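Participant: For reference, this is upload_25.cif, and it has mmCIF, C-alpha atoms.
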```cif
data_entry
#
loop_
_atom_site.label_atom_id
_atom_site.label_comp_id
_atom_site.auth_asym_id
_atom_site.auth_seq_id
_atom_site.Cartn_x
_atom_site.Cartn_y
_atom_site.Cartn_z
CA MET T 1 -4.97 -17.88 10.62
CA ALA T 2 -7.92 -19.78 9.12
CA ALA T 3 -6.37 -19.75 5.67
CA ALA T 4 -3.38 -21.68 6.94
CA ALA T 5 -5.58 -24.44 8.24
CA ASN T 6 -7.02 -25.25 4.83
CA GLY T 7 -3.62 -25.52 3.19
CA SER T 8 -3.43 -22.14 1.47
CA ILE T 9 0.03 -20.89 0.57
CA PRO T 10 0.88 -17.50 2.10
CA LEU T 11 1.12 -14.63 -0.34
CA LEU T 12 3.47 -12.85 2.05
CA SER T 13 5.78 -14.60 4.50
CA VAL T 14 7.95 -12.74 7.01
CA LYS T 15 10.20 -14.73 9.34
CA GLY T 16 12.57 -13.38 11.99
CA LEU T 17 12.77 -10.03 10.21
CA THR T 18 15.13 -7.40 11.60
CA ALA T 19 16.00 -4.07 10.02
CA SER T 20 17.93 -0.97 11.06
CA ALA T 21 18.51 2.63 10.10
CA GLY T 22 22.11 3.41 10.91
CA ASP T 23 22.66 2.32 14.51
CA LEU T 24 18.94 2.30 15.29
CA GLU T 25 17.28 -1.12 15.27
CA ILE T 26 13.75 -0.64 13.94
CA LEU T 27 12.42 -4.17 13.39
CA LYS T 28 13.41 -6.66 16.07
CA GLY T 29 12.16 -10.02 14.84
CA ILE T 30 8.88 -9.88 12.93
CA ASP T 31 7.01 -13.09 12.09
CA LEU T 32 3.98 -12.63 9.87
CA GLU T 33 2.03 -14.43 7.16
CA VAL T 34 -0.59 -12.94 4.85
CA PHE T 35 -2.87 -15.26 2.90
CA PRO T 36 -4.78 -14.32 -0.27
CA GLY T 37 -8.21 -12.79 0.05
CA ALA T 38 -8.33 -10.96 3.36
CA VAL T 39 -8.02 -7.19 3.66
CA HIS T 40 -5.27 -6.36 6.11
CA ALA T 41 -4.11 -3.36 8.10
CA ILE T 42 -0.73 -2.89 9.72
CA MET T 43 -1.11 -0.41 12.56
CA GLY T 44 1.23 1.13 15.05
CA PRO T 45 2.30 4.39 16.62
CA ASN T 46 4.71 6.64 14.77
CA GLY T 47 8.17 5.10 14.92
CA SER T 48 6.86 1.59 15.63
CA GLY T 49 8.38 0.11 12.47
CA LYS T 50 5.25 -0.45 10.40
CA SER T 51 6.40 1.58 7.39
CA THR T 52 9.81 -0.08 7.52
CA LEU T 53 8.08 -3.45 7.40
CA ALA T 54 6.06 -2.38 4.36
CA ARG T 55 9.18 -1.22 2.53
CA THR T 56 10.92 -4.55 3.02
CA VAL T 57 7.94 -6.23 1.36
CA ASN T 58 8.35 -4.12 -1.75
CA GLY T 59 12.12 -4.47 -1.91
CA LEU T 60 12.66 -0.81 -1.08
CA LEU T 61 14.64 -1.79 2.00
CA ALA T 62 16.79 -4.87 2.55
CA PRO T 63 16.48 -6.53 5.98
CA ASP T 64 19.45 -7.02 8.29
CA SER T 65 18.40 -10.61 8.98
CA GLY T 66 15.43 -12.90 8.56
CA THR T 67 13.45 -13.44 5.38
CA VAL T 68 10.68 -11.78 3.41
CA THR T 69 9.06 -13.53 0.47
CA VAL T 70 6.20 -12.48 -1.77
CA ASP T 71 4.64 -15.45 -3.51
CA GLY T 72 7.90 -17.26 -2.82
CA VAL T 73 10.15 -14.49 -4.20
CA ASP T 74 12.65 -12.51 -2.10
CA PRO T 75 12.10 -8.78 -2.81
CA ALA T 76 15.60 -7.90 -1.61
CA LYS T 77 17.09 -10.10 -4.33
CA LYS T 78 14.48 -9.78 -7.08
CA GLY T 79 12.90 -6.42 -6.41
CA ALA T 80 11.83 -5.76 -9.99
CA GLN T 81 10.02 -9.08 -10.15
CA VAL T 82 8.23 -8.44 -6.87
CA ARG T 83 7.24 -4.90 -7.86
CA LYS T 84 5.36 -6.34 -10.82
CA LYS T 85 3.19 -8.11 -8.28
CA VAL T 86 3.17 -5.49 -5.53
CA GLY T 87 2.11 -1.89 -6.08
CA PHE T 88 3.15 0.67 -3.46
CA VAL T 89 1.21 3.85 -2.63
CA PHE T 90 3.27 6.34 -0.63
CA THR T 91 2.07 8.76 2.03
CA ASP T 92 2.90 11.82 -0.08
CA PRO T 93 1.53 11.46 -3.63
CA ASP T 94 3.88 14.18 -4.88
CA THR T 95 6.71 11.64 -4.58
CA GLN T 96 4.93 9.43 -7.14
CA ILE T 97 3.71 12.04 -9.62
CA VAL T 98 6.41 12.44 -12.27
CA MET T 99 4.69 13.70 -15.44
CA PRO T 100 3.17 17.12 -16.22
CA THR T 101 -0.46 16.10 -16.74
CA VAL T 102 -2.78 13.58 -15.11
CA ALA T 103 -3.20 11.42 -18.22
CA GLU T 104 0.54 11.49 -18.96
CA ASP T 105 1.33 10.41 -15.41
CA LEU T 106 -0.98 7.41 -15.68
CA ALA T 107 0.43 6.43 -19.06
CA PHE T 108 3.97 6.73 -17.70
CA SER T 109 3.31 3.78 -15.40
CA LEU T 110 2.86 1.59 -18.49
CA ARG T 111 5.93 2.79 -20.38
CA ARG T 112 7.63 -0.63 -20.20
CA SER T 113 4.52 -2.78 -20.24
CA GLY T 114 4.72 -3.83 -23.88
CA LEU T 115 1.14 -2.67 -24.42
CA SER T 116 0.15 -0.88 -27.63
CA LYS T 117 -0.72 2.83 -27.63
CA VAL T 118 -4.39 1.93 -27.96
CA GLU T 119 -4.24 -0.45 -25.01
CA ILE T 120 -2.45 2.15 -22.90
CA ALA T 121 -5.01 4.81 -23.83
CA ASP T 122 -7.84 2.44 -22.88
CA ARG T 123 -6.32 1.72 -19.47
CA VAL T 124 -5.69 5.42 -18.83
CA GLN T 125 -9.30 6.24 -19.65
CA GLU T 126 -10.52 3.43 -17.42
CA ILE T 127 -8.58 4.80 -14.43
CA LEU T 128 -9.61 8.40 -15.15
CA VAL T 129 -13.27 7.43 -15.08
CA ARG T 130 -12.95 5.08 -12.10
CA PHE T 131 -11.40 7.74 -9.88
CA GLN T 132 -13.39 10.70 -11.20
CA LEU T 133 -10.39 12.32 -12.83
CA ALA T 134 -11.66 12.33 -16.42
CA GLY T 135 -12.32 16.06 -16.29
CA HIS T 136 -8.72 16.63 -15.21
CA ALA T 137 -6.95 14.45 -17.78
CA GLU T 138 -4.98 17.33 -19.31
CA HIS T 139 -4.61 19.36 -16.14
CA PRO T 140 -1.24 19.84 -14.41
CA ALA T 141 -0.98 16.89 -12.03
CA HIS T 142 0.73 18.85 -9.25
CA LEU T 143 -2.12 21.38 -9.16
CA LEU T 144 -4.72 18.79 -8.17
CA SER T 145 -6.16 18.80 -4.66
CA GLY T 146 -4.52 16.57 -2.08
CA GLY T 147 -7.25 13.97 -2.39
CA GLN T 148 -7.11 14.00 -6.19
CA LYS T 149 -3.34 13.58 -6.10
CA GLN T 150 -3.67 10.52 -3.89
CA LEU T 151 -6.35 9.09 -6.20
CA LEU T 152 -3.95 9.65 -9.10
CA ALA T 153 -1.18 7.87 -7.17
CA ILE T 154 -3.49 4.93 -6.48
CA GLY T 155 -4.59 4.90 -10.11
CA ALA T 156 -0.99 4.93 -11.33
CA VAL T 157 -0.40 1.80 -9.26
CA LEU T 158 -3.60 0.01 -10.27
CA ILE T 159 -3.12 0.71 -13.97
CA ARG T 160 -0.29 -1.84 -13.90
CA ARG T 161 -2.73 -4.40 -12.45
CA PRO T 162 -0.59 -5.70 -9.60
CA GLU T 163 -1.69 -8.61 -7.43
CA VAL T 164 -1.11 -6.75 -4.16
CA VAL T 165 -1.46 -3.07 -3.24
CA ILE T 166 0.35 -1.70 -0.19
CA ALA T 167 -0.71 1.78 0.89
CA ASP T 168 1.60 3.45 3.41
CA GLU T 169 -0.32 6.01 5.50
CA PRO T 170 -2.41 7.02 2.47
CA THR T 171 -4.66 9.48 4.33
CA THR T 172 -2.22 11.05 6.80
CA LEU T 173 -1.74 14.29 4.80
CA LEU T 174 -5.42 14.68 3.90
CA ASP T 175 -8.33 16.51 5.50
CA LEU T 176 -11.35 14.48 6.64
CA ARG T 177 -13.30 14.79 3.38
CA ASN T 178 -10.40 13.76 1.15
CA ALA T 179 -9.43 11.00 3.58
CA ARG T 180 -12.91 9.53 3.17
CA VAL T 181 -12.64 9.68 -0.62
CA VAL T 182 -9.30 7.90 -0.59
CA SER T 183 -10.56 5.34 1.93
CA GLN T 184 -13.51 4.56 -0.34
CA ALA T 185 -11.13 4.20 -3.29
CA LEU T 186 -9.04 1.70 -1.36
CA ASP T 187 -12.20 -0.20 -0.42
CA SER T 188 -13.06 -0.54 -4.11
CA ILE T 189 -9.79 -2.30 -5.02
CA ASP T 190 -10.22 -5.91 -6.11
CA GLN T 191 -6.61 -6.87 -5.43
CA GLN T 192 -5.14 -7.90 -2.09
CA VAL T 193 -4.82 -4.72 -0.04
CA ILE T 194 -2.50 -4.03 2.89
CA VAL T 195 -2.95 -0.60 4.46
CA VAL T 196 -0.28 0.74 6.80
CA THR T 197 -1.89 3.28 9.10
CA HIS T 198 -2.31 4.64 12.59
CA GLN T 199 -5.81 5.96 11.88
CA LEU T 200 -8.57 3.86 13.43
CA ALA T 201 -11.22 5.21 11.04
CA LEU T 202 -9.65 3.24 8.17
CA LEU T 203 -10.29 -0.13 9.81
CA GLU T 204 -13.96 -0.47 8.85
CA GLY T 205 -14.38 -3.46 6.55
CA PHE T 206 -10.95 -4.91 7.30
CA GLU T 207 -10.65 -8.56 8.23
CA ARG T 208 -7.33 -8.54 10.05
CA VAL T 209 -5.23 -6.00 11.87
CA VAL T 210 -1.58 -6.48 12.81
CA VAL T 211 -0.38 -4.02 15.44
CA ILE T 212 3.35 -3.26 15.44
CA ASP T 213 4.98 -1.68 18.48
CA ASP T 214 8.67 -1.13 19.12
CA GLY T 215 9.63 -3.29 16.15
CA LEU T 216 7.59 -6.34 17.16
CA VAL T 217 4.10 -7.73 16.52
CA ALA T 218 2.09 -6.65 19.57
CA PHE T 219 -1.31 -7.91 18.37
CA ASP T 220 -2.74 -9.87 15.45
CA GLY T 221 -6.48 -10.28 15.11
CA THR T 222 -9.80 -8.67 14.25
CA PRO T 223 -10.37 -4.90 14.16
CA SER T 224 -12.76 -5.07 17.11
CA ASP T 225 -10.03 -6.58 19.26
CA ALA T 226 -7.20 -4.58 17.69
CA VAL T 227 -8.62 -1.15 18.53
CA PRO T 228 -8.45 -1.54 22.34
CA ALA T 229 -5.04 -3.22 22.02
CA TYR T 230 -3.77 -0.29 19.95
CA ARG T 231 -5.26 2.32 22.28
CA GLU T 232 -3.59 0.65 25.23
CA LEU T 233 -0.24 1.05 23.50
CA VAL T 234 -0.62 4.75 22.73
CA GLU T 235 -2.39 5.95 25.87
#
```
Kindly transcribe the structure held in the file into structure tokens.
Facilitator:
Amino acid sequence: MAAAANGSIPLLSVKGLTASAGDLEILKGIDLEVFPGAVHAIMGPNGSGKSTLARTVNGLLAPDSGTVTVDGVDPAKKGAQVRKKVGFVFTDPDTQIVMPTVAEDLAFSLRRSGLSKVEIADRVQEILVRFQLAGHAEHPAHLLSGGQKQLLAIGAVLIRRPEVVIADEPTTLLDLRNARVVSQALDSIDQQVIVVTHQLALLEGFERVVVIDDGLVAFDGTPSDAVPAYRELVE
């Protein structure tokens, strides 16, 4: 893309990536580069391989062949190092919420950060205010609304201050109102954002959309061109 022309180094590089689940080949040779700065979406129908691609980036899944590097580091070999740079927001926030209360869950993300108790408390308060959860700090985390849970999950990722945030279908389980709240929260993130989705409404404000279909890149370009390309695949 344009960033490559001016000599920028890709933040994410994927070359000849294949991946399987059992006997089922999911990714069939993905080539992709992501450069710093742009907001990206990875789209595709259910079963296209987009979530599998995202999980290889975070070291949650090792590829069968090909390479994935994040800032030059292979997540399959140095997953812990990559996860310091890359924060992952799952579709279901309940899989990320591990502590009884909202504030405790945020603080838990910093348990190995080396920060002092005061520094941790300051970061927790910052996230609580930013995502309008301050009034719920001592509430049971699993009793929050769906939208609030996803905001907590995003906050628990951002509190570690990663360089990249990958959100895998972050609005799929939400109603329209909560989906809008979460979408606005993602828009407010300063870090590099990659959103994996099949929902066209999330594309507003994105600079690049990569469409995955049947384990391959079917389209790579602007949202205005990606939407008709995506619709053609699913209709």
Participant: Suppose you want the space between CA of Gly135 in chain T and CA of Val181 in chain T; what is it in Å?
Facilitator: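 Interatomic distance, CA of Gly135 in chain T to CA of Val181 in chain T: 16.9 Å.
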Participant: Given the file shown, determine the residues that the PyMOL selection byres ((chain T and resi 191-200) around 9) selects; report them as a count of residues only.
Facilitator: 38
Participant: In Å to one decimal, how far is CA of Ser183 in chain T from CA of Arg55 in chain T?
Facilitator: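 According to the coordinates, CA of Arg55 in chain T and CA of Ser183 in chain T are separated by 20.8 Å.
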Participant: To one decimal place in Å, what is the distance between CA of Glu126 in chain T and CA of Leu106 in chain T?
Facilitator: 10.5 Å
Participant: Might you spell out which residues the PyMOL selection byres ((chain T and resi 152) around 9) would select in the displayed file, as a PDB file with C-alpha atoms, keeping the file's coordinate frame?
Facilitator:
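The result, written out as out.pdb:
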```pdb
ATOM      1  CA  PRO T  93       1.530  11.460  -3.630  1.00  0.00           C
ATOM      2  CA  ILE T  97       3.710  12.040  -9.620  1.00  0.00           C
ATOM      3  CA  VAL T 102      -2.780  13.580 -15.110  1.00  0.00           C
ATOM      4  CA  ASP T 105       1.330  10.410 -15.410  1.00  0.00           C
ATOM      5  CA  LEU T 106      -0.980   7.410 -15.680  1.00  0.00           C
ATOM      6  CA  ILE T 127      -8.580   4.800 -14.430  1.00  0.00           C
ATOM      7  CA  LEU T 128      -9.610   8.400 -15.150  1.00  0.00           C
ATOM      8  CA  PHE T 131     -11.400   7.740  -9.880  1.00  0.00           C
ATOM      9  CA  LEU T 133     -10.390  12.320 -12.830  1.00  0.00           C
ATOM     10  CA  ALA T 141      -0.980  16.890 -12.030  1.00  0.00           C
ATOM     11  CA  GLY T 147      -7.250  13.970  -2.390  1.00  0.00           C
ATOM     12  CA  GLN T 148      -7.110  14.000  -6.190  1.00  0.00           C
ATOM     13  CA  LYS T 149      -3.340  13.580  -6.100  1.00  0.00           C
ATOM     14  CA  GLN T 150      -3.670  10.520  -3.890  1.00  0.00           C
ATOM     15  CA  LEU T 151      -6.350   9.090  -6.200  1.00  0.00           C
ATOM     16  CA  ALA T 153      -1.180   7.870  -7.170  1.00  0.00           C
ATOM     17  CA  ILE T 154      -3.490   4.930  -6.480  1.00  0.00           C
ATOM     18  CA  GLY T 155      -4.590   4.900 -10.110  1.00  0.00           C
ATOM     19  CA  ALA T 156      -0.990   4.930 -11.330  1.00  0.00           C
ATOM     20  CA  VAL T 157      -0.400   1.800  -9.260  1.00  0.00           C
TER      21      VAL T 157
END
```
Participant: Got a sec to resolve the PyMOL selection byres ((chain T and resi 8-18) around 7) on this structure and send the residues as a PyMOL selection string?
Facilitator: chain T and resi 3-4+6-7+19+27-36+63-71
Participant: Report as a list in words all protein, DNA and RNA residues lying within 8 Å of Val124 in chain T, evaluated on all atoms listed in the file, omitting residues in the same chain fewer than 6 positions from it.
Facilitator: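 These residues fall inside the cut-off: Ala103, Leu106, Ala107 and Ile159 of chain T.
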Participant: Can you work out which one of T:Phe219, T:Ala76, T:Ala229, T:Arg160 has the shortest atom-to-atom distance to Ser109 in chain T, counting all atoms listed in the file?
Facilitator: T:Arg160
Participant: Applying 8 Å and only C-alpha atoms, which residues near Ile26 in chain T remain after dropping the ones on its own chain fewer than 5 positions away? List them as a PyMOL selection string.
Facilitator: chain T and resi 18-21+48-49+52+214-215
Participant: Between T:Glu104, T:Asn58, T:His142, T:Val98, single out the one closest to Gln125 in chain T, counting only C-alpha atoms.
Facilitator: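 The closest residue to Gln125 in chain T is T:Glu104.
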Participant: Between T:Leu53, T:Ala62, T:Val89, T:Val118, single out the one closest to Val182 in chain T, counting only C-alpha atoms.
Facilitator: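 Result for the nearest residue to Val182 in chain T: T:Val89.
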Participant: Tell me which of T:Val129, T:Leu173, T:Ile120, T:Leu60 sits closest to Ala80 in chain T, counting all atoms listed in the file.
Facilitator: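 Residue with the minimum atom-to-atom distance to Ala80 in chain T: T:Leu60.
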Participant: What's around Asp220 in chain T at 8 Å? Count all atoms listed in the file, leave out sequence neighbours fewer than 5 positions away in its own chain, and write the answer as a PyMOL selection string.
Facilitator: chain T and resi 208-211+226
Participant: Mind completing range 176-202 of chain T with N, CA, C and O atoms? Output as a tab-separated table (two decimals), in the frame of the given file, please?
Facilitator:
```
chain	number	residue	atom	x	y	z
T	176	LEU	N	-10.38	15.55	6.41
T	176	LEU	CA	-11.35	14.48	6.64
T	176	LEU	C	-12.10	14.10	5.37
T	176	LEU	O	-12.28	12.90	5.08
T	177	ARG	N	-12.52	15.08	4.60
T	177	ARG	CA	-13.30	14.79	3.38
T	177	ARG	C	-12.47	13.99	2.38
T	177	ARG	O	-12.91	12.97	1.85
T	178	ASN	N	-11.25	14.45	2.11
T	178	ASN	CA	-10.40	13.76	1.15
T	178	ASN	C	-9.95	12.39	1.67
T	178	ASN	O	-9.78	11.45	0.90
T	179	ALA	N	-9.79	12.30	2.99
T	179	ALA	CA	-9.43	11.00	3.58
T	179	ALA	C	-10.53	9.99	3.34
T	179	ALA	O	-10.27	8.81	3.05
T	180	ARG	N	-11.78	10.42	3.42
T	180	ARG	CA	-12.91	9.53	3.17
T	180	ARG	C	-12.94	9.09	1.71
T	180	ARG	O	-13.21	7.93	1.41
T	181	VAL	N	-12.65	10.01	0.81
T	181	VAL	CA	-12.64	9.68	-0.62
T	181	VAL	C	-11.57	8.64	-0.92
T	181	VAL	O	-11.81	7.66	-1.64
T	182	VAL	N	-10.39	8.84	-0.36
T	182	VAL	CA	-9.30	7.90	-0.59
T	182	VAL	C	-9.60	6.56	0.06
T	182	VAL	O	-9.32	5.49	-0.51
T	183	SER	N	-10.19	6.58	1.26
T	183	SER	CA	-10.56	5.34	1.93
T	183	SER	C	-11.55	4.55	1.10
T	183	SER	O	-11.44	3.32	0.96
T	184	GLN	N	-12.53	5.23	0.51
T	184	GLN	CA	-13.51	4.56	-0.34
T	184	GLN	C	-12.84	3.98	-1.59
T	184	GLN	O	-13.20	2.89	-2.05
T	185	ALA	N	-11.87	4.71	-2.12
T	185	ALA	CA	-11.13	4.20	-3.29
T	185	ALA	C	-10.38	2.93	-2.95
T	185	ALA	O	-10.37	1.97	-3.73
T	186	LEU	N	-9.75	2.89	-1.78
T	186	LEU	CA	-9.04	1.70	-1.36
T	186	LEU	C	-10.00	0.53	-1.15
T	186	LEU	O	-9.69	-0.62	-1.46
T	187	ASP	N	-11.19	0.84	-0.62
T	187	ASP	CA	-12.20	-0.20	-0.42
T	187	ASP	C	-12.66	-0.82	-1.73
T	187	ASP	O	-13.12	-1.96	-1.75
T	188	SER	N	-12.56	-0.07	-2.82
T	188	SER	CA	-13.06	-0.54	-4.11
T	188	SER	C	-12.06	-1.43	-4.85
T	188	SER	O	-12.39	-2.00	-5.89
T	189	ILE	N	-10.85	-1.55	-4.33
T	189	ILE	CA	-9.79	-2.30	-5.02
T	189	ILE	C	-10.06	-3.80	-4.93
T	189	ILE	O	-10.36	-4.33	-3.85
T	190	ASP	N	-9.98	-4.47	-6.07
T	190	ASP	CA	-10.22	-5.91	-6.11
T	190	ASP	C	-9.01	-6.72	-5.64
T	190	ASP	O	-9.15	-7.85	-5.19
T	191	GLN	N	-7.84	-6.15	-5.79
T	191	GLN	CA	-6.61	-6.87	-5.43
T	191	GLN	C	-6.46	-6.99	-3.90
T	191	GLN	O	-7.19	-6.35	-3.13
T	192	GLN	N	-5.51	-7.82	-3.51
T	192	GLN	CA	-5.14	-7.90	-2.09
T	192	GLN	C	-4.65	-6.52	-1.65
T	192	GLN	O	-3.83	-5.89	-2.32
T	193	VAL	N	-5.18	-6.05	-0.53
T	193	VAL	CA	-4.82	-4.72	-0.04
T	193	VAL	C	-4.22	-4.83	1.36
T	193	VAL	O	-4.76	-5.53	2.22
T	194	ILE	N	-3.10	-4.16	1.56
T	194	ILE	CA	-2.50	-4.03	2.89
T	194	ILE	C	-2.32	-2.54	3.15
T	194	ILE	O	-1.58	-1.87	2.43
T	195	VAL	N	-3.01	-2.02	4.14
T	195	VAL	CA	-2.95	-0.60	4.46
T	195	VAL	C	-2.14	-0.41	5.73
T	195	VAL	O	-2.45	-1.00	6.78
T	196	VAL	N	-1.10	0.39	5.64
T	196	VAL	CA	-0.28	0.74	6.80
T	196	VAL	C	-0.82	2.06	7.34
T	196	VAL	O	-0.89	3.06	6.61
T	197	THR	N	-1.22	2.09	8.59
T	197	THR	CA	-1.89	3.28	9.10
T	197	THR	C	-1.83	3.35	10.61
T	197	THR	O	-1.57	2.34	11.29
T	198	HIS	N	-2.07	4.52	11.15
T	198	HIS	CA	-2.31	4.64	12.59
T	198	HIS	C	-3.69	5.25	12.83
T	198	HIS	O	-4.01	5.61	13.96
T	199	GLN	N	-4.50	5.33	11.79
T	199	GLN	CA	-5.81	5.96	11.88
T	199	GLN	C	-6.91	4.89	12.01
T	199	GLN	O	-7.16	4.11	11.09
T	200	LEU	N	-7.58	4.88	13.14
T	200	LEU	CA	-8.57	3.86	13.43
T	200	LEU	C	-9.76	3.90	12.48
T	200	LEU	O	-10.40	2.88	12.22
T	201	ALA	N	-10.06	5.08	11.92
T	201	ALA	CA	-11.22	5.21	11.04
T	201	ALA	C	-11.08	4.38	9.76
T	201	ALA	O	-12.07	4.07	9.11
T	202	LEU	N	-9.87	4.01	9.40
T	202	LEU	CA	-9.65	3.24	8.17
T	202	LEU	C	-9.96	1.75	8.34
T	202	LEU	O	-10.00	1.02	7.35
```
